[in-house]
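Novice: Can you read through this structure? Questions will come right after.
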Amino acid sequence: METFRQLFSRRASRPGAGIPTGERVYAVGDVHGRLDLLRTIATAIDADESERPAARTTIVLLGDLVDRGPQSAQVIDFARQWQQRRRVRILSGNHEEMFLLALERLGGFRAFLRSGGRETVLSYGVDAAAFHGADLEEAHRMMVEAVPQDHVAFMRSFEDTIRIGDYLFVHAGIRPEAPLERQDARDFRWIREPFLSHSGDHGAIVVHGHTISDEPAMRGNRIGIDTGAFMSGRLTALGLEGTDRWLIETIDREGTIGASIRAA
């Protein structure tokens with residue numbers, strides 16, 4: 001009889017691409033304030049690990065923890081706590097960039113509100129009626145006073161890229177054919193084209209979020225796992241070990257959240 005691991009993993013489609021021996025990686029797509037989905041996927045990752053041999057495991061959050069969903073502040077708290085008990089590394093997404101800029105500049109705050117920032121501000125306990133009735137400057141002051149400095153410092157600690165074996169983890173993507181050391185860090189958080197349509201070798205398989213798709217985008221040179229958690233109710237994680245790949249998904253079906261695992 002096949003084991004749980006054999007049923008739900010398969011060889012990578014690109015020969016030789018893998019994670020170093022003795023290591024395992026779980027990459028988690030864009031959370032966007034969906035604490036319920038993040039908690040469930042963390043539990044699912046623990047359960048998946050319990051059925052696999054011991055390994056040095058790294059969990060990579062691909063960025064965009066905040067905005068659009070209802071519990072951004074709580075997601076930040078959960079990520080900090082998760083990092084204390086597990087090896088969790090976090091990439092900076094474009095929404096973290098906007099959040100930090102909004103705290104510093106009124107102009108940045110205006111753009112932040114247009115991109116789901118209102119939900120983030122309210123998740124910090126700001127009164128909704130007072131916030132909606134305030135002018136821009138007063139609303140900005142409310143946000144600045146509500147967001148604790150330890151959250152700001154935590155978001156500033158997020159990374160631009162993470163390389164593990166033959167995989168490069170970034171939030172949005174990279175500039176095709178440009179060496180990693182010559183990339184513009186803003187592209188790591190914002191790029192779509194020409195990255196998404198590029199079919200050439202990036203020197204690693206790029207695992208990213210940022211661009212929403214109904215199903216994980218499994219390409220020869222990249223894997224996109226942003227399945228639009230804030231609107232679809234579906235958060236996706238990619239498991240990697242050796243040359244094996246598998247997917248863990250948490251799905252909200254009319255308020256009932258379940259987890260599933262399948263081959264990538």
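To be explicit about the labels: the chains of the structure tokens are called A, B, and onward in the order shown, and within each one the residues are counted from 1, while ligands get numbers from 1 in the order they are shown.
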Enumerate the residues of range 38-167 of chain A with a DSSP assignment of strand (DSSP E or B), computed from the backbone, and present them as a list in words.

Specialist: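 Of range 38-167 of chain A, the ones in strand (DSSP E or B) are Arg56, Thr57, Thr58, Ile59, Val60, Leu61, Val88, Arg89, Ile90, Leu91, Glu159, Ile162, Arg163, Ile164 and Tyr167 of chain A.
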
Novice: What are the nearest atom pairs, with distances in Å to one decimal, for all residues of range 211-231 of chain A that come at most 6 Å from range 26-33 of chain A, using only C-alpha atoms, set out by chain and rising residue number as CSV?

Specialist:
residue,atom,partner,partner_atom,distance
A:Ile225,CA,A:Gly29,CA,5.4
A:Asp226,CA,A:Gly29,CA,5.0
A:Phe230,CA,A:His32,CA,5.8

Novice: Using only C-alpha atoms, which protein or nucleic acid residues come within 10 Å of His210 in chain A? Drop anything in the same chain fewer than 4 positions from it, and give the result as a list in words.

Specialist: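 Result of the neighbour search: Gly29, Asp30, Leu62, Gly63, Asp64, Gly93, Asn94, His95, Val170, His171, Ala172, Gly173, Phe188, Arg189, Trp190, Ile191, Arg192, Gly224, Ile225, Asp226, Thr227 and Gly228 of chain A.
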
Novice: Would you mind telling me which residue in A:His208, A:Arg234, A:His132, A:His202 lies nearest to Ile251 in chain A when using only C-alpha atoms?

Specialist: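 Between A:His208, A:Arg234, A:His132, A:His202, the residue approaching Ile251 in chain A most closely is A:Arg234.
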
Novice: Need the shell around range 97-107 of chain A: protein/DNA/RNA residues with any atom at most 10 Å away, counting only C-alpha atoms. Skip same-chain ones fewer than 4 positions apart. Format as a VMD selection string?

Specialist: chain A and resid 63 to 64 66 to 67 92 to 93 111 to 113 115 117 120 to 121 136 to 137 139 to 141 143 to 145 147 152 to 153 155 to 156 186 189 to 190

Novice: In Å, how far is it from CA of Ile59 in chain A to CA of Gly258 in chain A?

Specialist: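 That distance, rounded to one decimal, is 20.2 Å.
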
Novice: Using only C-alpha atoms, which residue out of A:Gly18, A:Gly239, A:Pro176, A:Gly220 lies closest to Ala44 in chain A?

Specialist: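 Nearest candidate to Ala44 in chain A out of A:Gly18, A:Gly239, A:Pro176, A:Gly220: A:Gly239.
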
Novice: Tell me, which residues of range 13-222 of chain A carry DSSP helix (DSSP H, G or I), written as a PyMOL selection string?

Specialist: chain A and resi 35-50+72-85+94-104+106-123+128-133+136-146+149-156+180-182+185-190

Novice: Find the residues around Ile162 in chain A up to 9 Å (only C-alpha atoms counted), leave out those fewer than 5 positions away in its own chain, and share them as a list of chain:residue names.

Specialist: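 So the residues in contact are A:Val60, A:Arg89, A:Ile90, A:Leu91, A:Tyr167, A:Leu168, A:Phe169, A:Val170.
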
Novice: Pull C-alpha atoms from the residues just selected and write them as a PDB file, in the first residue's frame.

Specialist:
ATOM      1  CA  VAL A  60       8.498  30.715   3.617  1.00  0.00           C
ATOM      2  CA  ARG A  89      11.164  33.302   6.860  1.00  0.00           C
ATOM      3  CA  ILE A  90       9.025  36.078   5.403  1.00  0.00           C
ATOM      4  CA  LEU A  91       9.290  37.965   2.135  1.00  0.00           C
ATOM      5  CA  TYR A 167      14.415  27.360  -5.929  1.00  0.00           C
ATOM      6  CA  LEU A 168      14.302  31.130  -5.617  1.00  0.00           C
ATOM      7  CA  PHE A 169      11.467  32.519  -3.498  1.00  0.00           C
ATOM      8  CA  VAL A 170      10.262  36.071  -4.175  1.00  0.00           C
TER       9      VAL A 170
END

Novice: Using CA of Ile76 in chain A and CA of Pro216 in chain A as the two end points, give the distance in Å to one decimal.

Specialist: 24.3 Å

Novice: Just checking: using only C-alpha atoms, which residue out of A:Glu193, A:Glu96, A:Asp46, A:Asp36 ends up closest to Gln71 in chain A?

Specialist: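 The answer is A:Asp36, which sits nearest to Gln71 in chain A.
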